[in-house]
Amino acid sequence: MIELSLDGSVATLTLNRPPANAFSREGLLQLRDTVRQLEANPAVRALVITGTGPKFFSAGADLNTFASGDKAAALDMISAFGQAFETLANTPLVTVAALNGYAMGGGLECALACDIRIAEGHAQMALPEAGVGLLPGGTGTQTLAWLVGEGWAKRMILTGERVDAPTALRIGLVEEVVDGLAGEGLALAKAREIAQRVGKQSPDSVRACKQLIHAARNGVPRGAALAQEREAFVELFSGANQREGVAAFLEKRKASWTV
């Protein structure tokens, strides 16, 4: 289901399960394991996720999995969703979702687990699970509200409202919309451009900053988070990258980071 390619410091994962790139349990566990493998590769600094074809990023879960009403099967599937998307959300890699089309249900939750989302102009997003008697169980109820606020999260989850790319940009669900013909791949190109910039930053700084940005989401009180921020700032002086970064700036040259 998942195709992996590497280009310097950027890895690209393509969801490839036609016709709608729906997630199976095996595909979710493959996503989890692939992210973990990439984390172990010091050359990889950023990860881009997209879908194959011009229409779907991912339509989410394969509903055939739930047709029998088997609770054990449901538990296995929702556990796989949680493992995959929590691993994706918590990875020290910088992650960028390139939404090349519909991102529905678990497909949108996959994008929500990423740090940055770039959408093509024809992309549409929804969490329609309540319409089939389910709920967004791949971190959607928590992450969507954090990103867009409680009001829009309730509109999308409680009423099943689908949002187009311009609306997603306006409410903060995506960071950029790129217009072009369906299948042209502009979102992927833009996502890779953003991911390449990560390699210009100190890996130590990026890891520390991502962890601190997530602190509020994870319930760390502001005072404690600010103390962690100051501690992390001083801790960076223990590594060679801080000295290299300052030296490179003063010498007007490109920094050579230690990964």
# chains A, B, ... in the order shown; residues from 1 in each chain; ligands from 1

$ select_by_dssp --residues "region 50-84 of chain A" --states "helix (DSSP H, G or I)" --output "compact mmCIF listing (two decimals) with N, CA, C and O atoms, in the first residue's frame"
# COMPACT_ATOMS: atom_id res chain seq x y z
N LEU A 63 -14.50 0.49 4.83
CA LEU A 63 -15.66 0.20 5.66
C LEU A 63 -16.07 -1.28 5.64
O LEU A 63 -16.83 -1.72 6.52
N ASN A 64 -15.58 -2.05 4.69
CA ASN A 64 -15.85 -3.49 4.71
C ASN A 64 -15.33 -4.13 5.99
O ASN A 64 -15.84 -5.16 6.43
N THR A 65 -14.31 -3.50 6.59
CA THR A 65 -13.74 -4.01 7.83
C THR A 65 -14.77 -4.04 8.95
O THR A 65 -14.73 -4.90 9.84
N PHE A 66 -15.71 -3.09 8.92
CA PHE A 66 -16.66 -2.94 10.02
C PHE A 66 -18.05 -3.49 9.70
O PHE A 66 -18.96 -3.39 10.53
N LYS A 71 -16.65 -6.68 17.23
CA LYS A 71 -15.95 -5.74 18.10
C LYS A 71 -14.45 -6.01 18.14
O LYS A 71 -13.64 -5.08 18.24
N ALA A 72 -14.06 -7.28 18.05
CA ALA A 72 -12.64 -7.61 18.08
C ALA A 72 -11.93 -7.05 16.85
O ALA A 72 -10.83 -6.50 16.94
N ALA A 73 -12.59 -7.16 15.70
CA ALA A 73 -12.01 -6.60 14.48
C ALA A 73 -11.94 -5.08 14.56
O ALA A 73 -10.96 -4.46 14.11
N ALA A 74 -12.98 -4.47 15.15
CA ALA A 74 -12.98 -3.02 15.31
C ALA A 74 -11.84 -2.58 16.22
O ALA A 74 -11.18 -1.56 15.96
N LEU A 75 -11.60 -3.33 17.30
CA LEU A 75 -10.52 -2.99 18.22
C LEU A 75 -9.17 -3.08 17.53
O LEU A 75 -8.31 -2.21 17.69
N ASP A 76 -8.98 -4.14 16.74
CA ASP A 76 -7.71 -4.29 16.01
C ASP A 76 -7.50 -3.12 15.05
O ASP A 76 -6.39 -2.58 14.94
N MET A 77 -8.57 -2.72 14.37
CA MET A 77 -8.44 -1.67 13.37
C MET A 77 -8.19 -0.31 14.02
O MET A 77 -7.29 0.43 13.59
N ILE A 78 -8.94 0.01 15.07
CA ILE A 78 -8.77 1.33 15.66
C ILE A 78 -7.44 1.42 16.40
O ILE A 78 -6.83 2.49 16.49
N SER A 79 -6.96 0.29 16.91
CA SER A 79 -5.63 0.26 17.51
C SER A 79 -4.56 0.55 16.46
O SER A 79 -3.60 1.30 16.71
N ALA A 80 -4.73 -0.01 15.27
CA ALA A 80 -3.78 0.24 14.19
C ALA A 80 -3.81 1.71 13.77
O ALA A 80 -2.76 2.31 13.51
N PHE A 81 -5.01 2.30 13.70
CA PHE A 81 -5.11 3.73 13.39
C PHE A 81 -4.35 4.54 14.43
O PHE A 81 -3.58 5.46 14.08
N GLY A 82 -4.58 4.24 15.70
CA GLY A 82 -3.91 5.00 16.76
C GLY A 82 -2.41 4.86 16.70
O GLY A 82 -1.67 5.85 16.81
N GLN A 83 -1.93 3.63 16.51
CA GLN A 83 -0.48 3.41 16.45
C GLN A 83 0.14 4.16 15.28
O GLN A 83 1.20 4.79 15.42
N ALA A 84 -0.50 4.10 14.12
CA ALA A 84 0.05 4.73 12.93
C ALA A 84 0.10 6.25 13.08
O ALA A 84 1.14 6.89 12.85

$ select_by_dssp --residues "region 42-149 of chain A" --states "strand (DSSP E)" --output "PyMOL selection string"
chain A and resi 46-51+56-58+94-99+102-104+116-120+124-126

$ atom_distance --atom1 "CA of Ser24 (chain A)" --atom2 "CA of Thr95 (chain A)"
21.5 Å

$ residues_around --residues "His122 (chain A)" --least-positions-apart "4" --cutoff "8 Å" --atoms "only C-alpha atoms" --output "list of chain:residue names"
A:Asn100, A:Gly101, A:Asp164, A:Ala165, A:Asp179, A:Ala182

$ write_last_selection --atoms "all heavy atoms" --output "mmCIF file, in the first residue's frame"
data_model
loop_
_atom_site.group_PDB
_atom_site.id
_atom_site.type_symbol
_atom_site.label_atom_id
_atom_site.label_comp_id
_atom_site.auth_asym_id
_atom_site.auth_seq_id
_atom_site.Cartn_x
_atom_site.Cartn_y
_atom_site.Cartn_z
ATOM 1 N N ASN A 100 -3.549 15.730 -2.465
ATOM 2 C CA ASN A 100 -3.747 15.749 -3.913
ATOM 3 C C ASN A 100 -5.201 15.518 -4.317
ATOM 4 O O ASN A 100 -5.502 15.471 -5.512
ATOM 5 C CB ASN A 100 -2.876 14.669 -4.567
ATOM 6 C CG ASN A 100 -3.164 13.292 -3.993
ATOM 7 O OD1 ASN A 100 -2.959 13.080 -2.800
ATOM 8 N ND2 ASN A 100 -3.622 12.358 -4.807
ATOM 9 N N GLY A 101 -6.099 15.398 -3.336
ATOM 10 C CA GLY A 101 -7.505 15.170 -3.629
ATOM 11 C C GLY A 101 -8.281 14.996 -2.342
ATOM 12 O O GLY A 101 -7.945 15.584 -1.317
ATOM 13 N N ASP A 164 -14.047 22.629 1.407
ATOM 14 C CA ASP A 164 -13.185 22.678 0.236
ATOM 15 C C ASP A 164 -11.850 23.308 0.616
ATOM 16 O O ASP A 164 -11.648 23.765 1.752
ATOM 17 C CB ASP A 164 -13.860 23.432 -0.902
ATOM 18 C CG ASP A 164 -14.252 24.866 -0.539
ATOM 19 O OD1 ASP A 164 -13.731 25.401 0.464
ATOM 20 O OD2 ASP A 164 -15.073 25.445 -1.259
ATOM 21 N N ALA A 165 -10.930 23.352 -0.334
ATOM 22 C CA ALA A 165 -9.581 23.827 -0.044
ATOM 23 C C ALA A 165 -9.548 25.277 0.423
ATOM 24 O O ALA A 165 -8.865 25.594 1.408
ATOM 25 C CB ALA A 165 -8.688 23.617 -1.261
ATOM 26 N N ASP A 179 -3.085 26.016 -6.710
ATOM 27 C CA ASP A 179 -4.064 25.786 -7.764
ATOM 28 C C ASP A 179 -3.389 25.247 -9.018
ATOM 29 O O ASP A 179 -2.302 25.680 -9.394
ATOM 30 C CB ASP A 179 -4.813 27.081 -8.104
ATOM 31 C CG ASP A 179 -5.841 27.425 -7.042
ATOM 32 O OD1 ASP A 179 -6.554 26.507 -6.590
ATOM 33 O OD2 ASP A 179 -5.915 28.599 -6.653
ATOM 34 N N ALA A 182 -6.005 18.976 -11.812
ATOM 35 C CA ALA A 182 -5.978 17.743 -11.030
ATOM 36 C C ALA A 182 -4.966 16.784 -11.659
ATOM 37 O O ALA A 182 -4.960 16.563 -12.870
ATOM 38 C CB ALA A 182 -7.363 17.104 -11.007
#

$ residues_around --residues "region 12-18 of chain A" --least-positions-apart "4" --cutoff "8 Å" --atoms "only C-alpha atoms" --output "number ranges by chain"
A: 1-6, 22-23, 47-52, 57-58

$ write_last_selection --atoms "all heavy atoms" --output "CSV table (one decimal), in the first residue's frame"
chain,number,residue,atom,x,y,z
A,1,MET,N,0.8,-1.2,0.0
A,1,MET,CA,0.0,0.0,0.0
A,1,MET,C,0.9,1.3,0.0
A,1,MET,O,0.5,2.3,-0.6
A,1,MET,CB,-0.9,0.0,1.2
A,1,MET,CG,-1.7,1.3,1.4
A,1,MET,SD,-2.7,1.4,2.8
A,1,MET,CE,-3.4,3.0,2.7
A,2,ILE,N,2.0,1.2,0.7
A,2,ILE,CA,2.9,2.4,0.8
A,2,ILE,C,4.1,2.3,-0.1
A,2,ILE,O,4.8,1.3,0.0
A,2,ILE,CB,3.2,2.6,2.3
A,2,ILE,CG1,2.0,3.0,3.1
A,2,ILE,CG2,4.3,3.7,2.4
A,2,ILE,CD1,2.3,3.1,4.6
A,3,GLU,N,4.3,3.3,-0.9
A,3,GLU,CA,5.5,3.4,-1.7
A,3,GLU,C,6.5,4.4,-1.1
A,3,GLU,O,6.0,5.5,-0.7
A,3,GLU,CB,5.2,3.7,-3.1
A,3,GLU,CG,4.3,2.7,-3.8
A,3,GLU,CD,3.9,3.1,-5.2
A,3,GLU,OE1,4.2,4.3,-5.6
A,3,GLU,OE2,3.3,2.3,-5.9
A,4,LEU,N,7.7,4.1,-0.9
A,4,LEU,CA,8.7,4.9,-0.3
A,4,LEU,C,9.8,5.3,-1.3
A,4,LEU,O,10.3,4.5,-2.0
A,4,LEU,CB,9.4,4.2,0.9
A,4,LEU,CG,10.6,4.9,1.6
A,4,LEU,CD1,10.2,6.2,2.2
A,4,LEU,CD2,11.2,4.0,2.6
A,5,SER,N,10.1,6.6,-1.3
A,5,SER,CA,11.3,7.1,-2.1
A,5,SER,C,12.1,8.1,-1.3
A,5,SER,O,11.5,8.7,-0.4
A,5,SER,CB,10.8,7.7,-3.4
A,5,SER,OG,10.0,8.9,-3.1
A,6,LEU,N,13.3,8.1,-1.5
A,6,LEU,CA,14.2,9.0,-0.8
A,6,LEU,C,14.9,9.9,-1.8
A,6,LEU,O,15.4,9.5,-2.8
A,6,LEU,CB,15.3,8.2,0.0
A,6,LEU,CG,14.8,7.3,1.1
A,6,LEU,CD1,15.9,6.4,1.6
A,6,LEU,CD2,14.1,8.0,2.2
A,22,ALA,N,-7.7,3.7,0.4
A,22,ALA,CA,-8.3,3.5,1.7
A,22,ALA,C,-7.3,2.7,2.5
A,22,ALA,O,-6.5,1.9,2.0
A,22,ALA,CB,-9.6,2.7,1.6
A,23,PHE,N,-7.3,2.9,3.8
A,23,PHE,CA,-6.4,2.2,4.8
A,23,PHE,C,-6.9,0.8,5.1
A,23,PHE,O,-8.1,0.7,5.5
A,23,PHE,CB,-6.2,3.0,6.0
A,23,PHE,CG,-5.3,4.2,5.9
A,23,PHE,CD1,-5.9,5.5,5.9
A,23,PHE,CD2,-4.0,4.1,5.7
A,23,PHE,CE1,-5.1,6.6,5.8
A,23,PHE,CE2,-3.1,5.2,5.6
A,23,PHE,CZ,-3.7,6.5,5.6
A,47,LEU,N,9.7,14.2,6.1
A,47,LEU,CA,8.8,13.2,5.4
A,47,LEU,C,7.6,13.9,4.8
A,47,LEU,O,6.9,14.6,5.4
A,47,LEU,CB,8.4,12.2,6.5
A,47,LEU,CG,7.3,11.2,6.1
A,47,LEU,CD1,7.7,10.3,5.0
A,47,LEU,CD2,6.9,10.4,7.3
A,48,VAL,N,7.4,13.6,3.5
A,48,VAL,CA,6.2,14.0,2.8
A,48,VAL,C,5.3,12.9,2.5
A,48,VAL,O,5.8,11.8,2.2
A,48,VAL,CB,6.6,14.7,1.4
A,48,VAL,CG1,5.4,15.0,0.6
A,48,VAL,CG2,7.5,15.9,1.6
A,49,ILE,N,4.0,13.0,2.8
A,49,ILE,CA,3.0,12.0,2.5
A,49,ILE,C,2.0,12.5,1.5
A,49,ILE,O,1.5,13.6,1.6
A,49,ILE,CB,2.3,11.6,3.8
A,49,ILE,CG1,3.3,11.0,4.9
A,49,ILE,CG2,1.2,10.5,3.5
A,49,ILE,CD1,2.7,10.6,6.1
A,50,THR,N,1.7,11.7,0.5
A,50,THR,CA,0.7,12.0,-0.5
A,50,THR,C,0.0,10.8,-0.9
A,50,THR,O,0.3,9.7,-0.5
A,50,THR,CB,1.4,12.7,-1.7
A,50,THR,OG1,0.4,13.3,-2.5
A,50,THR,CG2,2.2,11.8,-2.5
A,51,GLY,N,-1.0,10.9,-1.8
A,51,GLY,CA,-1.7,9.8,-2.3
A,51,GLY,C,-1.4,9.7,-3.8
A,51,GLY,O,-1.1,10.6,-4.5
A,52,THR,N,-1.7,8.5,-4.3
A,52,THR,CA,-1.5,8.2,-5.8
A,52,THR,C,-2.7,8.6,-6.5
A,52,THR,O,-3.9,8.5,-6.0
A,52,THR,CB,-1.1,6.8,-6.0
A,52,THR,OG1,-0.7,6.6,-7.4
A,52,THR,CG2,-2.3,5.8,-5.8
A,57,PHE,N,-6.4,11.7,-1.9
A,57,PHE,CA,-5.3,11.5,-0.9
A,57,PHE,C,-5.5,10.2,-0.2
A,57,PHE,O,-4.7,9.3,-0.3
A,57,PHE,CB,-5.2,12.7,0.1
A,57,PHE,CG,-4.2,12.5,1.2
A,57,PHE,CD1,-2.9,12.8,0.9
A,57,PHE,CD2,-4.6,12.2,2.5
A,57,PHE,CE1,-1.9,12.6,1.9
A,57,PHE,CE2,-3.7,12.1,3.5
A,57,PHE,CZ,-2.3,12.3,3.2
A,58,SER,N,-6.6,10.1,0.5
A,58,SER,CA,-7.1,8.8,1.1
A,58,SER,C,-8.5,9.0,1.5
A,58,SER,O,-8.9,10.0,2.1
A,58,SER,CB,-6.2,8.4,2.3
A,58,SER,OG,-6.8,7.3,2.9

$ residues_around --residues "Ala43 (chain A)" --least-positions-apart "5" --cutoff "10 Å" --atoms "only C-alpha atoms" --output "list in words"
Leu6, Gly8, Ser9, Val10, Ala11, Leu38, Gly199 and Val259 of chain A

$ write_last_selection --atoms "N, CA, C and O atoms" --output "CSV table (one decimal), in the first residue's frame"
chain,number,residue,atom,x,y,z
A,6,LEU,N,13.3,8.1,-1.5
A,6,LEU,CA,14.2,9.0,-0.8
A,6,LEU,C,14.9,9.9,-1.8
A,6,LEU,O,15.4,9.5,-2.8
A,8,GLY,N,17.8,12.8,-1.0
A,8,GLY,CA,18.6,13.5,0.0
A,8,GLY,C,18.0,13.3,1.4
A,8,GLY,O,17.8,12.2,1.9
A,9,SER,N,17.7,14.4,2.0
A,9,SER,CA,17.2,14.4,3.4
A,9,SER,C,15.6,14.3,3.5
A,9,SER,O,15.1,14.2,4.6
A,10,VAL,N,15.0,14.1,2.3
A,10,VAL,CA,13.5,14.1,2.3
A,10,VAL,C,13.0,12.7,1.8
A,10,VAL,O,13.5,12.2,0.8
A,11,ALA,N,12.2,12.1,2.6
A,11,ALA,CA,11.5,10.8,2.3
A,11,ALA,C,10.1,11.2,1.8
A,11,ALA,O,9.4,12.1,2.4
A,38,LEU,N,12.4,5.3,9.2
A,38,LEU,CA,13.0,6.5,8.7
A,38,LEU,C,13.6,7.3,9.9
A,38,LEU,O,14.6,8.0,9.7
A,199,GLY,N,16.4,20.7,5.9
A,199,GLY,CA,17.8,20.3,5.9
A,199,GLY,C,18.7,21.5,6.1
A,199,GLY,O,19.9,21.3,6.4
A,259,VAL,N,24.5,15.4,12.1
A,259,VAL,CA,23.3,14.7,12.3
A,259,VAL,C,23.4,13.5,13.2
A,259,VAL,O,22.5,12.9,13.7

$ residues_around --residues "Ala126 (chain A)" --least-positions-apart "5" --cutoff "7 Å" --atoms "only C-alpha atoms" --output "JSON, numbers by chain"
{"A": [103, 104, 105, 108, 156, 160, 161, 162, 163]}

$ residues_around --residues "Leu181 (chain A)" --least-positions-apart "2" --cutoff "10 Å" --atoms "only C-alpha atoms" --output "list in words"
Pro54, Glu120, Gly121, His122, Val178, Asp179, Gly183, Glu184, Gly185 and Leu186 of chain A

$ closest_residue --among "A:Ala240, A:Leu28, A:Ala111, A:Ala153" --to "Ala255 (chain A)" --atoms "only C-alpha atoms"
A:Ala240

$ closest_residue --among "A:Asp115, A:Glu193, A:Glu229, A:Asp62" --to "Asn21 (chain A)" --atoms "only C-alpha atoms"
A:Asp62

$ closest_residue --among "A:Gln201, A:Ala224, A:Arg36, A:Phe237" --to "Ser256 (chain A)" --atoms "only C-alpha atoms"
A:Gln201

$ atom_distance --atom1 "CA of Arg25 (chain A)" --atom2 "CA of Glu109 (chain A)"
15.0 Å

$ atom_distance --atom1 "CA of Arg207 (chain A)" --atom2 "CA of Gly140 (chain A)"
24.0 Å

$ closest_residue --among "A:Lys252, A:Leu31, A:Glu86, A:Ile157" --to "Gly131 (chain A)" --atoms "only C-alpha atoms"
A:Ile157
